[in-house]
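Data from run20.csv: CSV, C-alpha atoms
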```csv
chain,number,residue,atom,x,y,z
A,264,MET,CA,154.1,138.9,128.9
A,265,ALA,CA,153.1,141.5,131.4
A,266,VAL,CA,149.4,142.0,132.1
A,267,THR,CA,147.6,144.7,134.1
A,268,PRO,CA,144.3,143.7,135.7
A,269,PRO,CA,141.2,146.1,135.7
A,270,VAL,CA,140.7,148.5,138.6
A,271,CYS,CA,138.8,147.8,141.7
A,272,ASP,CA,135.1,146.9,141.4
A,273,PHE,CA,134.1,148.3,144.8
A,274,GLY,CA,131.5,146.2,146.6
A,275,TRP,CA,131.9,143.1,144.4
A,276,LYS,CA,131.3,140.1,146.6
A,277,ALA,CA,134.0,137.5,147.0
A,278,SER,CA,133.3,134.2,145.3
A,279,ASP,CA,133.4,131.1,147.4
A,280,PHE,CA,135.9,128.4,146.8
A,281,THR,CA,137.1,125.1,148.4
A,282,LEU,CA,140.5,124.1,147.2
A,283,PRO,CA,143.3,121.8,148.2
A,284,ALA,CA,146.1,123.4,150.2
A,285,THR,CA,149.8,122.5,150.1
A,286,ASP,CA,149.7,121.4,153.8
A,287,GLY,CA,147.2,118.6,153.0
A,288,ARG,CA,144.0,120.4,154.1
A,289,THR,CA,141.1,121.5,152.0
A,290,VAL,CA,140.4,125.3,152.5
A,291,SER,CA,137.4,127.4,151.8
A,292,LEU,CA,136.8,131.1,151.7
A,293,ALA,CA,135.0,130.8,155.1
A,294,ASP,CA,138.1,129.1,156.6
A,295,ILE,CA,140.4,132.0,155.8
A,296,SER,CA,138.1,135.0,156.1
A,297,GLY,CA,139.3,137.4,158.8
A,298,PRO,CA,137.2,139.5,161.2
A,299,LYS,CA,138.6,142.7,159.7
A,300,GLY,CA,139.0,141.7,156.1
A,301,THR,CA,140.3,139.1,153.7
A,302,LEU,CA,143.1,139.2,151.1
A,303,VAL,CA,143.0,136.7,148.2
A,304,MET,CA,146.2,136.6,146.2
A,305,PHE,CA,146.8,134.9,142.9
A,306,ILE,CA,150.4,134.0,142.7
A,307,CYS,CA,152.5,131.2,141.2
A,308,ASN,CA,156.0,129.6,141.6
A,309,HIS,CA,157.6,130.7,138.4
A,310,CYS,CA,156.5,134.3,137.8
A,311,PRO,CA,159.5,136.7,138.0
A,312,TYR,CA,157.1,139.4,139.3
A,313,VAL,CA,156.0,137.2,142.2
A,314,LEU,CA,159.5,136.0,143.0
A,315,ALA,CA,160.9,139.5,143.0
A,316,VAL,CA,158.6,140.5,145.9
A,317,LEU,CA,157.8,137.2,147.6
A,318,ASP,CA,159.6,138.3,150.8
A,319,ARG,CA,157.4,141.5,150.8
A,320,ILE,CA,154.3,139.5,150.2
A,321,ILE,CA,155.1,137.2,153.2
A,322,ARG,CA,156.0,140.3,155.3
A,323,ASP,CA,152.8,142.1,154.5
A,324,ALA,CA,150.6,139.0,154.9
A,325,THR,CA,152.1,138.4,158.3
A,326,GLU,CA,151.5,142.0,159.4
A,327,LEU,CA,147.9,142.0,158.0
A,328,GLN,CA,147.0,138.8,159.8
A,329,GLU,CA,148.1,140.5,163.0
A,330,LEU,CA,145.5,143.2,162.2
A,331,GLY,CA,142.7,140.6,161.7
A,332,VAL,CA,142.9,140.2,158.0
A,333,GLY,CA,142.7,136.6,156.7
A,334,VAL,CA,145.1,135.8,153.9
A,335,VAL,CA,145.3,133.1,151.2
A,336,ALA,CA,147.3,132.6,148.1
A,337,ILE,CA,146.0,130.6,145.1
A,338,SER,CA,147.9,129.2,142.1
A,339,SER,CA,145.8,128.6,139.0
A,340,ASN,CA,148.3,128.2,136.2
A,341,ASP,CA,148.2,125.4,133.7
A,342,VAL,CA,150.8,123.0,135.1
A,343,ALA,CA,151.0,120.9,131.9
A,344,ALA,CA,152.5,124.0,130.2
A,345,TYR,CA,154.3,125.3,133.4
A,346,PRO,CA,155.4,122.3,135.4
A,347,GLN,CA,157.3,124.5,137.9
A,348,ASP,CA,153.8,125.5,139.1
A,349,SER,CA,152.8,122.0,140.0
A,350,PHE,CA,151.1,121.2,143.3
A,351,GLU,CA,154.3,119.4,144.4
A,352,ASN,CA,156.4,122.4,143.6
A,353,MET,CA,153.9,124.7,145.3
A,354,ALA,CA,154.2,122.6,148.5
A,355,LEU,CA,158.0,122.9,148.3
A,356,LEU,CA,157.9,126.7,147.9
A,357,ALA,CA,155.4,127.1,150.7
A,358,SER,CA,157.5,125.0,153.0
A,359,ASP,CA,160.9,126.5,152.0
A,360,ARG,CA,159.6,130.0,152.4
A,361,GLU,CA,157.4,129.2,155.5
A,362,PHE,CA,154.3,130.8,154.1
A,363,PRO,CA,152.2,132.2,156.9
A,364,PHE,CA,149.0,131.6,154.8
A,365,PRO,CA,147.5,128.7,153.0
A,366,TYR,CA,148.7,128.2,149.4
A,367,LEU,CA,145.9,126.6,147.4
A,368,TYR,CA,145.8,124.9,144.0
A,369,ASP,CA,143.0,125.9,141.6
A,370,VAL,CA,143.4,122.8,139.4
A,371,ASP,CA,140.4,123.5,137.1
A,372,GLN,CA,141.0,127.3,137.1
A,373,SER,CA,137.4,128.0,138.2
A,374,THR,CA,138.4,130.2,141.1
A,375,ALA,CA,140.6,132.3,138.9
A,376,ARG,CA,137.8,132.7,136.4
A,377,ALA,CA,135.3,133.6,139.2
A,378,TYR,CA,137.6,136.3,140.4
A,379,ASP,CA,138.5,137.4,136.9
A,380,ALA,CA,142.2,137.1,137.9
A,381,ALA,CA,144.4,138.4,135.2
A,382,CYS,CA,148.0,138.1,136.4
A,383,THR,CA,150.4,136.9,139.1
A,384,PRO,CA,150.4,138.6,141.4
A,385,ASP,CA,146.8,139.8,141.5
A,386,PHE,CA,145.5,141.0,144.9
A,387,PHE,CA,141.9,141.1,145.9
A,388,GLY,CA,141.3,142.9,149.3
A,389,PHE,CA,137.9,142.5,150.9
A,390,ASN,CA,136.3,144.1,153.9
A,391,SER,CA,134.7,142.0,156.7
A,392,ASP,CA,131.5,141.7,154.6
A,393,LEU,CA,133.6,140.2,151.8
A,394,GLU,CA,133.0,143.2,149.6
A,395,LEU,CA,136.0,144.1,147.3
A,396,GLN,CA,137.8,147.3,148.5
A,397,TYR,CA,141.2,146.9,146.9
A,398,ARG,CA,142.6,145.5,143.7
A,399,GLY,CA,145.9,147.1,143.3
A,400,ARG,CA,149.6,146.5,143.5
A,401,LEU,CA,151.8,145.4,146.3
A,402,ASP,CA,154.1,148.4,145.9
A,403,GLY,CA,156.0,150.1,143.1
A,404,SER,CA,158.1,147.1,142.3
A,405,ALA,CA,157.9,145.5,138.8
A,406,ARG,CA,159.8,142.6,137.4
A,407,ALA,CA,162.5,143.3,139.9
A,408,ALA,CA,162.0,144.4,143.5
A,409,GLY,CA,162.0,148.2,144.0
A,410,ALA,CA,163.7,150.1,146.7
A,411,GLU,CA,163.0,149.0,150.3
A,412,ASN,CA,161.4,152.3,151.1
A,413,LEU,CA,158.7,152.1,148.5
A,414,ARG,CA,155.2,152.9,149.7
A,415,ARG,CA,153.5,149.7,150.8
A,416,ASP,CA,150.3,150.1,148.7
A,417,LEU,CA,148.7,146.8,149.5
A,418,PHE,CA,149.5,146.9,153.2
A,419,GLU,CA,148.3,150.5,153.6
A,420,ALA,CA,145.1,149.8,151.7
A,421,MET,CA,144.3,146.7,153.7
A,422,LYS,CA,145.2,148.4,157.0
A,423,LEU,CA,142.6,151.1,156.0
A,424,VAL,CA,140.1,148.4,155.1
A,425,ALA,CA,140.7,146.7,158.5
A,426,ALA,CA,140.1,149.9,160.3
A,427,THR,CA,137.2,151.4,158.3
A,428,GLY,CA,135.8,148.7,156.0
A,429,ILE,CA,136.5,151.0,153.0
A,430,GLY,CA,139.5,150.9,150.7
A,431,PRO,CA,141.3,153.8,149.2
A,432,SER,CA,139.6,155.6,146.3
A,433,GLU,CA,142.9,155.8,144.3
A,434,GLN,CA,144.5,152.5,143.5
A,435,ILE,CA,147.3,151.6,141.1
A,436,ALA,CA,146.8,148.2,139.3
A,437,SER,CA,149.1,145.3,139.9
A,438,MET,CA,151.3,144.1,137.1
A,439,GLY,CA,152.6,140.6,136.4
A,440,CYS,CA,152.7,137.6,134.2
A,441,SER,CA,149.3,136.5,132.7
A,442,ILE,CA,147.5,133.6,134.3
A,443,LYS,CA,148.5,130.6,132.2
A,444,TRP,CA,145.1,129.3,131.0
A,445,LYS,CA,144.5,125.8,129.9
A,446,ASP,CA,143.5,125.2,126.3
A,447,ALA,CA,139.7,124.9,126.1
```
What would you get if you wrote out this structure as structure tokens?
Amino acid sequence: MAVTPPVCDFGWKASDFTLPATDGRTVSLADISGPKGTLVMFICNHCPYVLAVLDRIIRDATELQELGVGVVAISSNDVAAYPQDSFENMALLASDREFPFPYLYDVDQSTARAYDAACTPDFFGFNSDLELQYRGRLDGSARAAGAENLRRDLFEAMKLVAATGIGPSEQIASMGCSIKWKDA
């Protein structure tokens, strides 16, 4: 089921986290924060919205890191209900696709809850003071990748944040599969 997250809450401070990474490390927000900004992405292995644009996510993450933006991806889905999102499968995907960013596992879903993550993909772009400046889409793609010449909303927004510390006033929400919450 497609879900659209709320619009950007400008100035909201990033919540700290310390989570296991697919490369065997434990990674915190401080470990990945960049001097020009930080991008926290909620993704997962099985979501068709993520899989449709994964190459573009990797491309944009690489280019943003070159601009001084720290990048991390987090998977928070209930792996009992969605075993393809297991930590082992996350490690395989990150290795196979050569992720240029840490891929973290939010086993208790506390980080997704702290960020009020709604879907995969859900992008949170922060300035160098870890104040939220972008919560929007990657580009105009949906369940299938759009044309190659689509405006790169996420990249352009984070490039602006890296240069000025302020995100664009107009943002289009991301859309994707809902976070798969565990039964309480």
#### Entry: Spatial neighbours of range 345-349 of chain A, 10 Å, all atoms listed in the file, chain gap at least 5 places, as a list in words
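The residues satisfying every condition are Ile306, Cys307, Asn308, His309, Cys310, Ser338, Ser339, Asn340, Ala354, Leu355, Leu356, Tyr368, Val370 and Lys443 of chain A.
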### Straight-line distance linking CA of Asp323 in chain A with CA of Arg376 in chain A, stated in Å to one decimal
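About the pair CA of Asp323 in chain A and CA of Arg376 in chain A: they are 25.3 Å apart.
Of the listed residues (A:Gln434, A:Pro269, A:Thr285, A:Gly297), A:Thr285 comes nearest to Phe362 in chain A; the distances count only C-alpha atoms.
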### Query
How would you write as a list in words the residues that get within 9 Å of (142.3, 132.9, 149.7) in the file's frame, counting all atoms listed in the file?
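The requested residues, written out, are Phe280, Val290, Ser291, Leu292, Asp294, Ile295, Ser296, Thr301, Leu302, Val303, Met304, Phe305, Gly333, Val334, Val335, Ala336, Ile337, Phe364, Pro365, Tyr366 and Leu367 of chain A.
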### Query
Which residues, written as a PyMOL selection string, have at least one atom at most 12 Å from Arg414 in chain A, with only C-alpha atoms counted and residues fewer than 4 positions away on the same chain left out?
chain A and resi 319+400-404+409-410+418-420+435
### Task
Considering only C-alpha atoms, return as a VMD selection string whatever protein or nucleic-acid residues lie within 8 Å of Asp385 in chain A, sequence-local ones (same chain, fewer than 2 positions apart) excluded.
chain A and resid 268 304 to 306 380 to 383 387 398 to 400 437 to 439
### Message
Excluding Gly428 in chain A and its own-chain neighbours fewer than 5 positions away, which residues fall within 8 Å of it when counting all atoms listed in the file? Please give them as a VMD selection string.
### Response
chain A and resid 299 to 300 390 to 391 396 423
Could you please take those selected residues and save C-alpha atoms as a short mmCIF file (atom, residue, chain, number, x, y, z; two decimals), keeping the file's coordinate frame?
```cif
data_model
loop_
_atom_site.label_atom_id
_atom_site.label_comp_id
_atom_site.auth_asym_id
_atom_site.auth_seq_id
_atom_site.Cartn_x
_atom_site.Cartn_y
_atom_site.Cartn_z
CA LYS A 299 138.60 142.70 159.70
CA GLY A 300 139.00 141.70 156.10
CA ASN A 390 136.30 144.10 153.90
CA SER A 391 134.70 142.00 156.70
CA GLN A 396 137.80 147.30 148.50
CA LEU A 423 142.60 151.10 156.00
#
```
### Task
Tell me which of A:Cys271, A:Ala277, A:Arg360, A:Glu433 sits closest to Ile320 in chain A, counting all atoms listed in the file.
A:Arg360
### Message
So, with all atoms listed in the file as the atoms that count, which of A:Ala265, A:Thr289, A:Val270, A:Val316 lies closest to Ser432 in chain A?
### Response
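Selected residue with least distance to Ser432 in chain A: A:Val270.
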### Interatomic distance (Å, one decimal) between CA of Ala315 in chain A and CA of Ala408 in chain A
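Those two atoms sit 5.0 Å apart.
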### Message
Counting all atoms listed in the file, I want the residues whose atoms come within 6 Å of (157.6, 138.6, 136.9) in the file frame, returned as a list of chain:residue names.
### Response
A:Cys310, A:Pro311, A:Tyr312, A:Val313, A:Arg406, A:Gly439, A:Cys440
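Across the model, the gap from CA of Leu314 in chain A to CA of Val342 in chain A is 17.5 Å.
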Contacts of range 393-395 of chain A at 6 Å or less, counting all atoms listed in the file, minus same-chain residues fewer than 3 places along, as a PDB file with C-alpha atoms, in the frame of the given file?
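Produced file selection-v1.pdb, reproduced below:
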```
ATOM      1  CA  PHE A 273     134.100 148.300 144.800  1.00  0.00           C
ATOM      2  CA  GLY A 274     131.500 146.200 146.600  1.00  0.00           C
ATOM      3  CA  TRP A 275     131.900 143.100 144.400  1.00  0.00           C
ATOM      4  CA  LYS A 276     131.300 140.100 146.600  1.00  0.00           C
ATOM      5  CA  ALA A 277     134.000 137.500 147.000  1.00  0.00           C
ATOM      6  CA  GLY A 388     141.300 142.900 149.300  1.00  0.00           C
ATOM      7  CA  PHE A 389     137.900 142.500 150.900  1.00  0.00           C
ATOM      8  CA  ASN A 390     136.300 144.100 153.900  1.00  0.00           C
TER       9      ASN A 390
END
```
### Message
Ranking A:Val266, A:Ala407, A:Ile321, A:Ala343 by minimum distance to Ile442 in chain A and counting only C-alpha atoms, which one comes first?
### Response
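Closest residue, counting only C-alpha atoms: A:Val266.
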Centre and edge lengths, as AutoDock Vina command-line options, for the axis-aligned box enclosing every listed atom of range 366-381 of chain A with 3 Å of padding on each of the six sides, in Å to one decimal?
```
--center_x 142.0 --center_y 130.6 --center_z 142.3 --size_x 19.4 --size_y 21.6 --size_z 20.2
```
### Query
So which one's closest to Pro384 in chain A, A:Ala344, A:Thr427, A:Ala436, A:Asp416? Using only C-alpha atoms, please.
A:Ala436
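Here the question is which of A:Gly331, A:Asp359, A:Asp392, A:Phe350 gets nearest to Lys422 in chain A using all atoms listed in the file, and that residue is A:Gly331.
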